[in-house]
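> Have a peek at query39.txt (compact mmCIF, C-alpha atoms).
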```txt
# COMPACT_ATOMS: atom_id res chain seq x y z
CA MET A 1 -21.26 185.17 150.09
CA ILE A 2 -17.60 185.02 149.02
CA ASN A 3 -17.75 181.24 149.11
CA ARG A 4 -20.69 181.15 146.67
CA ALA A 5 -19.07 183.71 144.38
CA LEU A 6 -15.80 181.75 144.22
CA LYS A 7 -17.58 178.46 143.55
CA MET A 8 -19.70 180.04 140.79
CA LEU A 9 -16.60 181.57 139.24
CA ARG A 10 -14.97 178.14 139.09
CA THR A 11 -18.04 176.32 137.78
CA TYR A 12 -18.79 179.04 135.22
CA HIS A 13 -15.33 178.44 133.75
CA GLN A 14 -15.92 174.67 133.89
CA ILE A 15 -12.88 174.00 136.06
CA LYS A 16 -12.90 171.02 138.38
CA GLN A 17 -12.26 171.76 142.03
CA ILE A 18 -9.12 169.61 142.10
CA GLU A 19 -7.71 171.43 139.05
CA LEU A 20 -8.31 174.86 140.56
CA ALA A 21 -6.80 173.76 143.87
CA LYS A 22 -3.59 172.83 142.05
CA ARG A 23 -3.51 176.15 140.20
CA LEU A 24 -4.08 178.04 143.45
CA GLY A 25 -1.45 176.01 145.28
CA VAL A 26 -3.85 174.72 147.95
CA SER A 27 -5.24 171.32 148.82
CA ASN A 28 -8.54 170.18 147.37
CA SER A 29 -9.97 169.85 150.89
CA TYR A 30 -8.99 173.45 151.71
CA LEU A 31 -10.64 174.72 148.52
CA SER A 32 -13.74 172.70 149.39
CA GLU A 33 -13.82 174.35 152.82
CA ILE A 34 -13.59 177.77 151.19
CA GLU A 35 -16.39 177.01 148.74
CA THR A 36 -18.66 175.72 151.51
CA GLY A 37 -17.97 178.71 153.74
CA VAL A 38 -16.07 176.80 156.44
CA LYS A 39 -12.88 178.78 155.73
CA THR A 40 -12.40 182.34 154.52
CA PRO A 41 -9.92 182.93 151.70
CA SER A 42 -6.93 185.16 152.37
CA VAL A 43 -6.30 188.33 150.39
CA ASP A 44 -3.36 186.55 148.71
CA LEU A 45 -5.61 183.68 147.64
CA LEU A 46 -8.17 186.13 146.24
CA GLY A 47 -5.32 187.69 144.26
CA LYS A 48 -4.54 184.27 142.79
CA TYR A 49 -8.21 183.83 141.84
CA ALA A 50 -8.07 187.24 140.14
CA GLU A 51 -4.98 186.24 138.16
CA ILE A 52 -6.39 182.87 137.11
CA PHE A 53 -9.76 184.28 136.03
CA LYS A 54 -8.28 187.53 134.65
CA MET A 55 -10.45 189.87 136.66
CA PRO A 56 -9.85 192.39 139.44
CA VAL A 57 -10.28 191.31 143.06
CA SER A 58 -12.82 194.11 143.40
CA SER A 59 -15.13 192.34 140.94
CA ILE A 60 -14.90 189.16 142.98
CA MET A 61 -15.59 191.10 146.17
CA LEU A 62 -18.74 192.67 144.71
CA PHE A 63 -20.47 189.33 145.16
CA SER A 64 -19.12 188.76 148.63
CA GLU A 65 -20.43 191.80 150.46
CA LYS A 66 -22.92 191.10 153.22
CA MET A 67 -25.97 193.14 154.04
CA SER A 68 -25.91 194.81 157.40
CA SER A 69 -28.05 197.39 159.06
CA ASP A 70 -25.34 200.05 158.97
CA LYS A 71 -25.17 200.06 155.16
CA THR A 72 -26.87 202.79 153.15
CA THR A 73 -29.92 201.95 151.10
CA GLY A 74 -27.89 202.20 147.88
CA GLU A 75 -25.34 199.73 149.20
CA GLN A 76 -28.08 197.36 150.33
CA LEU A 77 -29.69 197.48 146.89
CA ARG A 78 -26.36 196.79 145.17
CA ILE A 79 -25.70 193.84 147.46
CA ALA A 80 -29.22 192.49 146.95
CA ALA A 81 -28.72 192.73 143.18
CA ALA A 82 -25.40 190.86 143.46
CA ASP A 83 -27.16 188.11 145.44
CA LYS A 84 -29.87 187.82 142.80
CA ILE A 85 -27.21 187.54 140.07
CA LEU A 86 -25.48 184.78 142.05
CA ARG A 87 -28.75 182.91 142.48
CA LEU A 88 -29.45 183.18 138.75
CA LEU A 89 -25.98 181.90 137.87
CA GLU A 90 -26.40 179.01 140.32
CA TRP A 91 -29.75 178.14 138.74
CA ILE A 92 -28.22 178.22 135.24
CA ASP A 93 -25.34 176.03 136.42
CA GLU A 94 -27.73 173.50 137.98
CA ARG A 95 -29.94 173.49 134.88
CA ASP A 96 -26.92 172.92 132.63
CA ALA A 97 -25.71 170.08 134.86
CA VAL A 98 -29.07 168.33 134.54
CA THR A 99 -29.34 169.00 130.80
CA HIS A 100 -25.79 167.97 129.92
CA GLY A 101 -25.45 165.09 132.24
```
What does this structure look like when you write it as structure tokens?


Amino acid sequence: MINRALKMLRTYHQIKQIELAKRLGVSNSYLSEIETGVKTPSVDLLGKYAEIFKMPVSSIMLFSEKMSSDKTTGEQLRIAAADKILRLLEWIDERDAVTHG
């Protein structure tokens, strides 16, 4: 889910992919691969995201945790809630894109 969280973070702040790639010091194609889940961002790159968006890496990681059978019920519920929040933000972003052109 890290790819979805990073893309939503960028779109929420209304930053074009090419602009964020420049600020992160990566190519646009590499950022695209991260946002589509083809590549996984490094810890250093996550640190750059945190600096740019003025938030701790831990907040970014909240949305990236995956459910697995070895997680406790509390952890599974927290992860499920994070996924629901991501889906809601994606829906809002899509709705705004249709409404505002």

> Can you build me a table of stretch 4-42 of chain A residues sitting at most 12 Å from stretch 83-96 of chain A, with the closest atom pair per residue and its distance in Å to one decimal, using all atoms listed in the file, sorted by chain and residue number, as a Markdown table?


```
| residue | atom | partner | partner_atom | distance |
| --- | --- | --- | --- | --- |
| A:Arg4 | CA | A:Leu86 | CA | 7.6 |
| A:Ala5 | CA | A:Leu86 | CA | 6.9 |
| A:Leu6 | CA | A:Leu86 | CA | 10.4 |
| A:Lys7 | CA | A:Glu90 | CA | 9.4 |
| A:Met8 | CA | A:Glu90 | CA | 6.8 |
| A:Leu9 | CA | A:Leu89 | CA | 9.5 |
| A:Arg10 | CA | A:Asp93 | CA | 10.9 |
| A:Thr11 | CA | A:Asp93 | CA | 7.4 |
| A:Tyr12 | CA | A:Asp93 | CA | 7.3 |
| A:His13 | CA | A:Asp93 | CA | 10.6 |
| A:Gln14 | CA | A:Asp93 | CA | 9.8 |
```

> Using only C-alpha atoms, list the residues that have an atom at most 12 Å from (-7.9, 174.9, 137.0), coordinates as in the file, as a ChimeraX atom specification.

/A:9-26,28,31,48-49,51-53

> Give the answer as one residue: which of A:Ala82, A:Ser27, A:Ala97, A:Thr36 has the shortest atom-to-atom distance to A:Met61, using only C-alpha atoms?

A:Ala82

> With distances taken over only C-alpha atoms, which of A:Glu35, A:Lys54, A:Leu62, A:Gly47 is nearest to A:Ala81?

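Ranked by minimum distance to A:Ala81, first place goes to A:Leu62.
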
> Please, what distance in Å, to one decimal, runs between atom CA of A:Ile34 and atom CA of A:Met1?

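Between atom CA of A:Ile34 and atom CA of A:Met1 the gap works out to 10.7 Å.
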
> Which residue out of A:Ala50, A:Asn3, A:Met55, A:Thr99 has the minimum interatomic distance to A:Val38 when all atoms listed in the file are used?

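Of A:Ala50, A:Asn3, A:Met55, A:Thr99, the one nearest A:Val38, counting all atoms listed in the file, is A:Asn3.
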
> In Å to one decimal, how far is atom CA of A:His100 from atom CA of A:Ile2?

26.9 Å
